[in-house]
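Reviewing the structure listed below.
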Amino acid sequence: MAWTGNLRALLGGRAFRQLYACRLTSQAADGVFQASLVSYVLFSPERATSAGALAASLAVVVLPFSVIGPFAGIVLDRVSRQRVLVVSSVVRTLLMIVLVGLILGGRTGADFYATALASVSVNRFVLAALSAGLPMVVNVDRLVTANALSVTSGTVATLVGAGVGSGLRGLTDGDDRAVALVAGLAALAYIVAAVTAARPARLAFGPVETMPWQGAWSQARHVVADMVDGVRYLWNHGPARRALAALTTSRAAYGLVLVMTVLLYRNHFTGPGGGLAGLAAVVAASGAGTILAAVVTPRVTRRMPKATWIAIVLGAGGVVEVVLGLPYLSPLYVAAGLLLGFSAQASKICVDTIVQEETHDAYRGRAFSLYDLLFNVAFVAAVAAVVVPEDGRSSPTIIAAGIGYSLAGLLYYRAAMRHPEDRVIRGVGESRADTPVSSDAPGPTLGPSPGPTSGPGRPAGPVSATGPGPAR
């Protein structure tokens, strides 16, 4: 089968396996950390959770990405992405050690949130570096499969890590000492991630050309100009711009759903199938949906444009949210988790691929940092606007989220129908040279080039996972 053979070809490439291992170890550690954070803040018997408190916690953790994102993009376009992965994991190990002490002390104030925020913020560098580095180790014709495998496996690794952390807490008495033990396990997991990231060569994941660091003050002065340049670049590449707009709208709908779902399982579904175990079932179902999306999406996008598939899954997500959400039955929320997980992952795989295809390596770090920035701003805006009772029951919220998903799919489909470059079906093995150039770009669309070398012995584009290339 074509998809299976493509998967074997990917895993046969040493450079891809190295990047893949970095993703799995890092995101598994993230899952353990998230288990400790959720257990301590949201599902501790000693701490009440209201809609306002939950919204504030989510906003505090997510909003600073709006500031960090631009700096992350500049770093990833100027220094070794492999070094970023190593340093980030070491920093998160140290932060976990601090967090263990704060949890043992029962702290829930500014010091606790600042430490948790710092850890989550560093994670932005890691995820952006992993996405920006993927086209350096995979040919452009295999990006859909590579994204399906990498992003979905990363999500599953996070779920496994969260399951291990939650299980460890459940085996103990569940008090703050148990949560501190989980945070300690996260520290060990980040050490493993750092060791894994240290194995590849310094320039294994790009950038193609590294620029000398010009000092903190001088670099800071260039951040705004460079980010404006990155925004202009993405804006002039219509397929990427339109895909990001659709996914950003769906992210806002996700923010509405998340607050409501956590409150439902914290304060409304209190019997069998409720509480932390019930929420874990929803998360597990969502994980199953992501795996299914990873299998289905590469097959579907060989037969229809990625833009059409994005519109279909987002529109269907809106219907699922309303139909399965309004009865307020815990089993239906588990089913919705499966279907919405499929919708979210299928659309993200396609959008990741579109951004990678449309972005030259010199802009790729900024592109994915801007990608994160859009996601986080939309998420925080939705969380700040949501008004949900403490038990989580809110029909207007469900309807608004359903409309958000469906509207994102509909508007994106209409836009794609007006632009032929959005309707190209780029199958496995088809070169980028066979596809139309975006009519929105001021000149030829810049994309990864599989041939000549550029910079200090580095390929200007992705190296085949199976063909010859520089040792990494």
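Ligands are numbered from 1 in the order shown, residues from 1 within each chain, and chains are lettered A, B, ... in the order they appear in the structure tokens.
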- Message: Which residues are close to Val313 (chain A), i.e. within 10 Å by only C-alpha atoms, leaving aside same-chain residues fewer than 5 positions away? Reply as a list of chain:residue names.
- Response: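 Non-adjacent residues within range: A:Thr308, A:Gly318, A:Leu339, A:Leu340, A:Phe342, A:Ser343, A:Ala344, A:Gln345, A:Ala346, A:Ser347, A:Tyr405, A:Ser406, A:Gly409.
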- Using only C-alpha atoms, which residue out of A:Ala252, A:Leu11, A:Ala288, A:Val388 lies closest to Asn267 (chain A)?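 Among the listed residues, the smallest separation from Asn267 (chain A) belongs to A:Val388.
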- For Thr290 (chain A), list every protein, DNA or RNA residue within 12 Å, evaluated using only C-alpha atoms, and leave out those in the same chain fewer than 6 positions away; present the list as a ChimeraX atom specification. /A:147-159,283-284,296-297,337-349
- From the set A:Ala307, A:Leu324, A:Val231, A:Val334, which residue has the shortest atom-to-atom contact distance to His419 (chain A), counting only C-alpha atoms?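 Looking only at the distances to His419 (chain A), the closest residue turns out to be A:Ala307.
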- Looking at only C-alpha atoms, which of A:Ala415, A:Ile97, A:Ala35, A:Ala400 is the one that sits closest to Leu279 (chain A)? A:Ala35
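Of the residues under consideration (A:Leu76, A:Ala408, A:Ala311, A:Met260), A:Met260 shows the shortest atom-to-atom contact distance to Ser395 (chain A) when counting only C-alpha atoms.
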- Task: Run DSSP on the backbone of this structure and report the residues of region 132-324 of chain A it assigns to helix (DSSP H, G or I), as an NGL selection string.
- Result: :A and (132-137 or 140-171 or 176-197 or 216-235 or 238-268 or 275-300 or 306-324)
- Find the residue from A:Phe205, A:Tyr190, A:Tyr233, A:Tyr333 that sits nearest to Val355 (chain A); use only C-alpha atoms when measuring.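 Going through A:Phe205, A:Tyr190, A:Tyr233, A:Tyr333 one by one, the smallest distance to Val355 (chain A) is for A:Tyr233.
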- What is the CA of Gly106 (chain A)-CA of Thr93 (chain A) distance in Å, reported with one decimal?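 Interatomic distance, CA of Gly106 (chain A) to CA of Thr93 (chain A): 20.2 Å.
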- Which is closer to Val228 (chain A) than all the others in A:Ile191, A:Glu357, A:Glu321, A:Arg366, using only C-alpha atoms?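 Counting only C-alpha atoms, the residue closest to Val228 (chain A) is A:Arg366.
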Shell of 12 Å around Gly278 (chain A), only C-alpha atoms, local chain residues under 6 positions omitted, as an mmCIF file with all heavy atoms, in the first residue's frame:
data_model
loop_
_atom_site.group_PDB
_atom_site.id
_atom_site.type_symbol
_atom_site.label_atom_id
_atom_site.label_comp_id
_atom_site.auth_asym_id
_atom_site.auth_seq_id
_atom_site.Cartn_x
_atom_site.Cartn_y
_atom_site.Cartn_z
ATOM 1 N N PHE A 43 -8.151 19.604 39.888
ATOM 2 C CA PHE A 43 -8.872 18.474 40.471
ATOM 3 C C PHE A 43 -8.377 18.113 41.869
ATOM 4 O O PHE A 43 -8.570 16.997 42.324
ATOM 5 C CB PHE A 43 -8.782 17.254 39.550
ATOM 6 C CG PHE A 43 -9.684 17.353 38.357
ATOM 7 C CD1 PHE A 43 -9.240 17.962 37.202
ATOM 8 C CD2 PHE A 43 -10.977 16.870 38.391
ATOM 9 C CE1 PHE A 43 -10.071 18.071 36.093
ATOM 10 C CE2 PHE A 43 -11.815 16.981 37.292
ATOM 11 C CZ PHE A 43 -11.357 17.587 36.143
ATOM 12 N N THR A 261 -16.077 22.042 29.064
ATOM 13 C CA THR A 261 -15.895 20.611 29.320
ATOM 14 C C THR A 261 -15.214 20.357 30.658
ATOM 15 O O THR A 261 -15.622 19.465 31.420
ATOM 16 C CB THR A 261 -15.078 19.975 28.182
ATOM 17 O OG1 THR A 261 -15.736 20.202 26.940
ATOM 18 C CG2 THR A 261 -14.915 18.482 28.387
ATOM 19 N N VAL A 262 -14.168 21.118 30.966
ATOM 20 C CA VAL A 262 -13.484 20.936 32.247
ATOM 21 C C VAL A 262 -14.439 21.194 33.409
ATOM 22 O O VAL A 262 -14.477 20.437 34.388
ATOM 23 C CB VAL A 262 -12.254 21.857 32.340
ATOM 24 C CG1 VAL A 262 -11.668 21.824 33.745
ATOM 25 C CG2 VAL A 262 -11.204 21.442 31.325
ATOM 26 N N LEU A 263 -15.245 22.254 33.311
ATOM 27 C CA LEU A 263 -16.190 22.569 34.380
ATOM 28 C C LEU A 263 -17.270 21.495 34.506
ATOM 29 O O LEU A 263 -17.700 21.156 35.619
ATOM 30 C CB LEU A 263 -16.823 23.933 34.141
ATOM 31 C CG LEU A 263 -15.905 25.136 34.374
ATOM 32 C CD1 LEU A 263 -16.605 26.417 33.952
ATOM 33 C CD2 LEU A 263 -15.480 25.228 35.832
ATOM 34 N N LEU A 264 -17.717 20.959 33.389
ATOM 35 C CA LEU A 264 -18.722 19.894 33.440
ATOM 36 C C LEU A 264 -18.193 18.692 34.211
ATOM 37 O O LEU A 264 -18.887 18.132 35.075
ATOM 38 C CB LEU A 264 -19.119 19.475 32.027
ATOM 39 C CG LEU A 264 -20.121 20.368 31.296
ATOM 40 C CD1 LEU A 264 -20.232 19.944 29.830
ATOM 41 C CD2 LEU A 264 -21.498 20.302 31.956
ATOM 42 N N TYR A 265 -16.972 18.291 33.930
ATOM 43 C CA TYR A 265 -16.413 17.113 34.597
ATOM 44 C C TYR A 265 -15.898 17.428 35.995
ATOM 45 O O TYR A 265 -15.719 16.523 36.803
ATOM 46 C CB TYR A 265 -15.314 16.490 33.734
ATOM 47 C CG TYR A 265 -15.888 15.633 32.631
ATOM 48 C CD1 TYR A 265 -16.171 16.170 31.376
ATOM 49 C CD2 TYR A 265 -16.193 14.297 32.849
ATOM 50 C CE1 TYR A 265 -16.722 15.398 30.376
ATOM 51 C CE2 TYR A 265 -16.750 13.515 31.850
ATOM 52 C CZ TYR A 265 -17.013 14.071 30.619
ATOM 53 O OH TYR A 265 -17.576 13.297 29.625
ATOM 54 N N ARG A 266 -15.691 18.698 36.267
ATOM 55 C CA ARG A 266 -15.262 19.072 37.629
ATOM 56 C C ARG A 266 -16.460 19.246 38.565
ATOM 57 O O ARG A 266 -16.408 18.833 39.733
ATOM 58 C CB ARG A 266 -14.465 20.389 37.562
ATOM 59 C CG ARG A 266 -14.011 20.939 38.914
ATOM 60 C CD ARG A 266 -13.025 20.009 39.568
ATOM 61 N NE ARG A 266 -12.459 20.558 40.778
ATOM 62 C CZ ARG A 266 -13.031 20.511 41.985
ATOM 63 N NH1 ARG A 266 -14.227 19.951 42.114
ATOM 64 N NH2 ARG A 266 -12.426 21.011 43.039
ATOM 65 N N ASN A 267 -17.558 19.813 38.063
ATOM 66 C CA ASN A 267 -18.652 20.204 38.962
ATOM 67 C C ASN A 267 -20.021 19.647 38.598
ATOM 68 O O ASN A 267 -20.952 19.742 39.409
ATOM 69 C CB ASN A 267 -18.747 21.742 38.996
ATOM 70 C CG ASN A 267 -17.470 22.399 39.475
ATOM 71 O OD1 ASN A 267 -16.804 21.894 40.364
ATOM 72 N ND2 ASN A 267 -17.111 23.514 38.860
ATOM 73 N N HIS A 268 -20.194 19.081 37.394
ATOM 74 C CA HIS A 268 -21.530 18.601 36.989
ATOM 75 C C HIS A 268 -21.584 17.078 36.882
ATOM 76 O O HIS A 268 -22.441 16.444 37.498
ATOM 77 C CB HIS A 268 -21.930 19.225 35.651
ATOM 78 C CG HIS A 268 -23.286 18.810 35.181
ATOM 79 N ND1 HIS A 268 -24.453 19.225 35.803
ATOM 80 C CD2 HIS A 268 -23.682 18.001 34.152
ATOM 81 C CE1 HIS A 268 -25.496 18.703 35.185
ATOM 82 N NE2 HIS A 268 -25.052 17.954 34.177
ATOM 83 N N PHE A 269 -20.681 16.490 36.113
ATOM 84 C CA PHE A 269 -20.633 15.031 36.009
ATOM 85 C C PHE A 269 -19.855 14.484 37.204
ATOM 86 O O PHE A 269 -18.667 14.170 37.122
ATOM 87 C CB PHE A 269 -19.952 14.602 34.698
ATOM 88 C CG PHE A 269 -20.678 15.031 33.460
ATOM 89 C CD1 PHE A 269 -19.978 15.529 32.365
ATOM 90 C CD2 PHE A 269 -22.056 14.932 33.366
ATOM 91 C CE1 PHE A 269 -20.636 15.919 31.209
ATOM 92 C CE2 PHE A 269 -22.734 15.324 32.212
ATOM 93 C CZ PHE A 269 -22.022 15.822 31.137
ATOM 94 N N THR A 270 -20.526 14.366 38.336
ATOM 95 C CA THR A 270 -19.839 13.971 39.570
ATOM 96 C C THR A 270 -20.037 12.494 39.909
ATOM 97 O O THR A 270 -19.385 11.978 40.811
ATOM 98 C CB THR A 270 -20.340 14.816 40.747
ATOM 99 O OG1 THR A 270 -21.774 14.719 40.836
ATOM 100 C CG2 THR A 270 -19.956 16.277 40.558
ATOM 101 N N GLY A 271 -20.955 11.821 39.207
ATOM 102 C CA GLY A 271 -21.183 10.410 39.462
ATOM 103 C C GLY A 271 -20.254 9.543 38.649
ATOM 104 O O GLY A 271 -19.163 9.972 38.232
ATOM 105 N N PRO A 272 -20.652 8.279 38.396
ATOM 106 C CA PRO A 272 -19.844 7.400 37.531
ATOM 107 C C PRO A 272 -19.663 8.036 36.155
ATOM 108 O O PRO A 272 -20.609 8.556 35.558
ATOM 109 C CB PRO A 272 -20.689 6.122 37.445
ATOM 110 C CG PRO A 272 -21.540 6.148 38.681
ATOM 111 C CD PRO A 272 -21.832 7.589 38.949
ATOM 112 N N ALA A 284 -8.727 10.561 26.235
ATOM 113 C CA ALA A 284 -8.310 9.331 25.560
ATOM 114 C C ALA A 284 -9.058 9.147 24.247
ATOM 115 O O ALA A 284 -8.478 8.732 23.232
ATOM 116 C CB ALA A 284 -8.549 8.132 26.482
ATOM 117 N N ALA A 285 -10.358 9.445 24.253
ATOM 118 C CA ALA A 285 -11.142 9.351 23.018
ATOM 119 C C ALA A 285 -10.623 10.338 21.982
ATOM 120 O O ALA A 285 -10.528 10.021 20.786
ATOM 121 C CB ALA A 285 -12.617 9.614 23.310
ATOM 122 N N LEU A 329 -24.821 14.537 28.292
ATOM 123 C CA LEU A 329 -24.629 13.177 28.775
ATOM 124 C C LEU A 329 -23.153 12.828 28.651
ATOM 125 O O LEU A 329 -22.554 13.002 27.578
ATOM 126 C CB LEU A 329 -25.477 12.188 27.974
ATOM 127 C CG LEU A 329 -26.995 12.378 28.052
ATOM 128 C CD1 LEU A 329 -27.702 11.412 27.094
ATOM 129 C CD2 LEU A 329 -27.483 12.168 29.480
ATOM 130 N N SER A 330 -22.565 12.320 29.730
ATOM 131 C CA SER A 330 -21.132 12.045 29.739
ATOM 132 C C SER A 330 -20.684 11.123 28.602
ATOM 133 O O SER A 330 -19.673 11.399 27.946
ATOM 134 C CB SER A 330 -20.722 11.456 31.093
ATOM 135 O OG SER A 330 -19.340 11.209 31.129
ATOM 136 N N PRO A 331 -21.401 10.020 28.300
ATOM 137 C CA PRO A 331 -20.957 9.158 27.189
ATOM 138 C C PRO A 331 -20.925 9.887 25.852
ATOM 139 O O PRO A 331 -20.067 9.601 25.001
ATOM 140 C CB PRO A 331 -22.000 8.020 27.183
ATOM 141 C CG PRO A 331 -22.546 7.998 28.567
ATOM 142 C CD PRO A 331 -22.550 9.421 29.024
ATOM 143 N N LEU A 332 -21.866 10.815 25.652
ATOM 144 C CA LEU A 332 -21.872 11.560 24.392
ATOM 145 C C LEU A 332 -20.669 12.496 24.294
ATOM 146 O O LEU A 332 -20.158 12.759 23.196
ATOM 147 C CB LEU A 332 -23.169 12.359 24.246
ATOM 148 C CG LEU A 332 -24.448 11.540 24.057
ATOM 149 C CD1 LEU A 332 -25.647 12.464 23.852
ATOM 150 C CD2 LEU A 332 -24.306 10.584 22.871
ATOM 151 N N TYR A 333 -20.194 12.989 25.429
ATOM 152 C CA TYR A 333 -19.011 13.852 25.407
ATOM 153 C C TYR A 333 -17.761 13.045 25.072
ATOM 154 O O TYR A 333 -16.828 13.557 24.451
ATOM 155 C CB TYR A 333 -18.855 14.579 26.747
ATOM 156 C CG TYR A 333 -19.651 15.862 26.780
ATOM 157 C CD1 TYR A 333 -21.024 15.840 27.001
ATOM 158 C CD2 TYR A 333 -19.045 17.085 26.554
ATOM 159 C CE1 TYR A 333 -21.773 17.007 27.014
ATOM 160 C CE2 TYR A 333 -19.778 18.267 26.559
ATOM 161 C CZ TYR A 333 -21.144 18.221 26.785
ATOM 162 O OH TYR A 333 -21.864 19.381 26.778
ATOM 163 N N VAL A 334 -17.742 11.785 25.483
ATOM 164 C CA VAL A 334 -16.626 10.920 25.092
ATOM 165 C C VAL A 334 -16.654 10.700 23.583
ATOM 166 O O VAL A 334 -15.624 10.784 22.909
ATOM 167 C CB VAL A 334 -16.701 9.575 25.841
ATOM 168 C CG1 VAL A 334 -15.592 8.635 25.355
ATOM 169 C CG2 VAL A 334 -16.566 9.795 27.355
ATOM 170 N N GLY A 337 -15.503 13.754 21.915
ATOM 171 C CA GLY A 337 -14.054 13.866 22.006
ATOM 172 C C GLY A 337 -13.358 13.122 20.879
ATOM 173 O O GLY A 337 -12.393 13.613 20.289
#
- Query: By how many Å are CA of Leu99 (chain A) and CA of Cys22 (chain A) apart?
  - Reply: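 Taking CA of Leu99 (chain A) and CA of Cys22 (chain A), their separation equals 23.3 Å.
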- Task: Please indicate the distance in Å from CA of Thr397 (chain A) to CA of Val377 (chain A), rounded to one decimal place.
- Result: 18.7 Å
- Message: Can you tell me which residues surround Leu407 (chain A) at a distance of at most 9 Å, considering only C-alpha atoms, apart from same-chain residues fewer than 3 positions away, and format the answer as a PyMOL selection string?
- Response: chain A and resi 246+249-250+314-315+318+402-404+410-412
Since we have the selection now, will you write its residues out, keeping all heavy atoms, as a PDB file, in the first residue's frame?
ATOM      1  N   ALA A 246      -8.475  29.825   8.741  1.00  0.00           N
ATOM      2  CA  ALA A 246      -9.503  28.827   9.058  1.00  0.00           C
ATOM      3  C   ALA A 246      -9.194  28.117  10.368  1.00  0.00           C
ATOM      4  O   ALA A 246     -10.068  27.939  11.231  1.00  0.00           O
ATOM      5  CB  ALA A 246      -9.611  27.814   7.927  1.00  0.00           C
ATOM      6  N   THR A 249      -9.716  30.337  13.499  1.00  0.00           N
ATOM      7  CA  THR A 249     -11.126  30.448  13.875  1.00  0.00           C
ATOM      8  C   THR A 249     -11.588  29.221  14.637  1.00  0.00           C
ATOM      9  O   THR A 249     -12.293  29.317  15.648  1.00  0.00           O
ATOM     10  CB  THR A 249     -11.997  30.639  12.623  1.00  0.00           C
ATOM     11  OG1 THR A 249     -11.534  31.781  11.896  1.00  0.00           O
ATOM     12  CG2 THR A 249     -13.461  30.839  12.998  1.00  0.00           C
ATOM     13  N   SER A 250     -11.174  28.044  14.188  1.00  0.00           N
ATOM     14  CA  SER A 250     -11.563  26.823  14.892  1.00  0.00           C
ATOM     15  C   SER A 250     -10.908  26.747  16.266  1.00  0.00           C
ATOM     16  O   SER A 250     -11.465  26.168  17.198  1.00  0.00           O
ATOM     17  CB  SER A 250     -11.191  25.591  14.059  1.00  0.00           C
ATOM     18  OG  SER A 250      -9.793  25.388  14.013  1.00  0.00           O
ATOM     19  N   LEU A 314     -13.837  20.551   9.466  1.00  0.00           N
ATOM     20  CA  LEU A 314     -14.249  21.646  10.347  1.00  0.00           C
ATOM     21  C   LEU A 314     -15.764  21.797  10.357  1.00  0.00           C
ATOM     22  O   LEU A 314     -16.375  21.986  11.419  1.00  0.00           O
ATOM     23  CB  LEU A 314     -13.588  22.957   9.904  1.00  0.00           C
ATOM     24  CG  LEU A 314     -12.082  23.068  10.127  1.00  0.00           C
ATOM     25  CD1 LEU A 314     -11.579  24.444   9.684  1.00  0.00           C
ATOM     26  CD2 LEU A 314     -11.699  22.819  11.583  1.00  0.00           C
ATOM     27  N   GLY A 315     -16.385  21.707   9.185  1.00  0.00           N
ATOM     28  CA  GLY A 315     -17.842  21.784   9.140  1.00  0.00           C
ATOM     29  C   GLY A 315     -18.492  20.652   9.925  1.00  0.00           C
ATOM     30  O   GLY A 315     -19.457  20.863  10.673  1.00  0.00           O
ATOM     31  N   GLY A 318     -18.444  21.195  13.721  1.00  0.00           N
ATOM     32  CA  GLY A 318     -19.505  22.058  14.243  1.00  0.00           C
ATOM     33  C   GLY A 318     -20.791  21.307  14.486  1.00  0.00           C
ATOM     34  O   GLY A 318     -21.474  21.496  15.501  1.00  0.00           O
ATOM     35  N   GLY A 402     -20.185  25.441  17.961  1.00  0.00           N
ATOM     36  CA  GLY A 402     -20.568  24.740  16.751  1.00  0.00           C
ATOM     37  C   GLY A 402     -20.591  25.661  15.543  1.00  0.00           C
ATOM     38  O   GLY A 402     -20.115  25.297  14.455  1.00  0.00           O
ATOM     39  N   ILE A 403     -21.133  26.862  15.725  1.00  0.00           N
ATOM     40  CA  ILE A 403     -21.153  27.841  14.633  1.00  0.00           C
ATOM     41  C   ILE A 403     -19.733  28.225  14.238  1.00  0.00           C
ATOM     42  O   ILE A 403     -19.413  28.377  13.053  1.00  0.00           O
ATOM     43  CB  ILE A 403     -21.962  29.082  15.042  1.00  0.00           C
ATOM     44  CG1 ILE A 403     -23.449  28.719  15.167  1.00  0.00           C
ATOM     45  CG2 ILE A 403     -21.775  30.205  14.034  1.00  0.00           C
ATOM     46  CD1 ILE A 403     -24.310  29.848  15.703  1.00  0.00           C
ATOM     47  N   GLY A 404     -18.851  28.369  15.236  1.00  0.00           N
ATOM     48  CA  GLY A 404     -17.466  28.738  14.954  1.00  0.00           C
ATOM     49  C   GLY A 404     -16.762  27.714  14.085  1.00  0.00           C
ATOM     50  O   GLY A 404     -16.103  28.060  13.092  1.00  0.00           O
ATOM     51  N   LEU A 410     -16.804  26.663   6.225  1.00  0.00           N
ATOM     52  CA  LEU A 410     -17.552  27.211   5.094  1.00  0.00           C
ATOM     53  C   LEU A 410     -16.808  28.359   4.430  1.00  0.00           C
ATOM     54  O   LEU A 410     -16.658  28.412   3.203  1.00  0.00           O
ATOM     55  CB  LEU A 410     -18.931  27.672   5.569  1.00  0.00           C
ATOM     56  CG  LEU A 410     -19.801  28.374   4.513  1.00  0.00           C
ATOM     57  CD1 LEU A 410     -20.098  27.429   3.361  1.00  0.00           C
ATOM     58  CD2 LEU A 410     -21.089  28.895   5.149  1.00  0.00           C
ATOM     59  N   LEU A 411     -16.321  29.313   5.244  1.00  0.00           N
ATOM     60  CA  LEU A 411     -15.626  30.471   4.674  1.00  0.00           C
ATOM     61  C   LEU A 411     -14.328  30.063   3.982  1.00  0.00           C
ATOM     62  O   LEU A 411     -13.961  30.611   2.934  1.00  0.00           O
ATOM     63  CB  LEU A 411     -15.352  31.497   5.775  1.00  0.00           C
ATOM     64  CG  LEU A 411     -16.591  32.174   6.377  1.00  0.00           C
ATOM     65  CD1 LEU A 411     -16.193  33.159   7.468  1.00  0.00           C
ATOM     66  CD2 LEU A 411     -17.422  32.883   5.299  1.00  0.00           C
ATOM     67  N   TYR A 412     -13.630  29.090   4.578  1.00  0.00           N
ATOM     68  CA  TYR A 412     -12.386  28.630   3.962  1.00  0.00           C
ATOM     69  C   TYR A 412     -12.671  27.946   2.622  1.00  0.00           C
ATOM     70  O   TYR A 412     -11.959  28.160   1.635  1.00  0.00           O
ATOM     71  CB  TYR A 412     -11.656  27.676   4.898  1.00  0.00           C
ATOM     72  CG  TYR A 412     -10.362  27.151   4.343  1.00  0.00           C
ATOM     73  CD1 TYR A 412      -9.397  28.011   3.823  1.00  0.00           C
ATOM     74  CD2 TYR A 412     -10.093  25.782   4.322  1.00  0.00           C
ATOM     75  CE1 TYR A 412      -8.199  27.533   3.309  1.00  0.00           C
ATOM     76  CE2 TYR A 412      -8.901  25.292   3.810  1.00  0.00           C
ATOM     77  CZ  TYR A 412      -7.959  26.178   3.312  1.00  0.00           C
ATOM     78  OH  TYR A 412      -6.776  25.705   2.805  1.00  0.00           O
TER      79      TYR A 412
END
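Near Arg251 (chain A), within a cut-off of 10 Å and counting only C-alpha atoms, sit the residues Ala245, Ala246, Leu247, Thr248, Tyr254, Gly255, Leu256, Val257, Ala344, Leu374, Phe375, Asn376, Val377, Ala378, Phe379, Val380, Ala382, Ala401, Gly404, Tyr405 and Ala408 of chain A, with same-chain residues fewer than 3 positions away left out.
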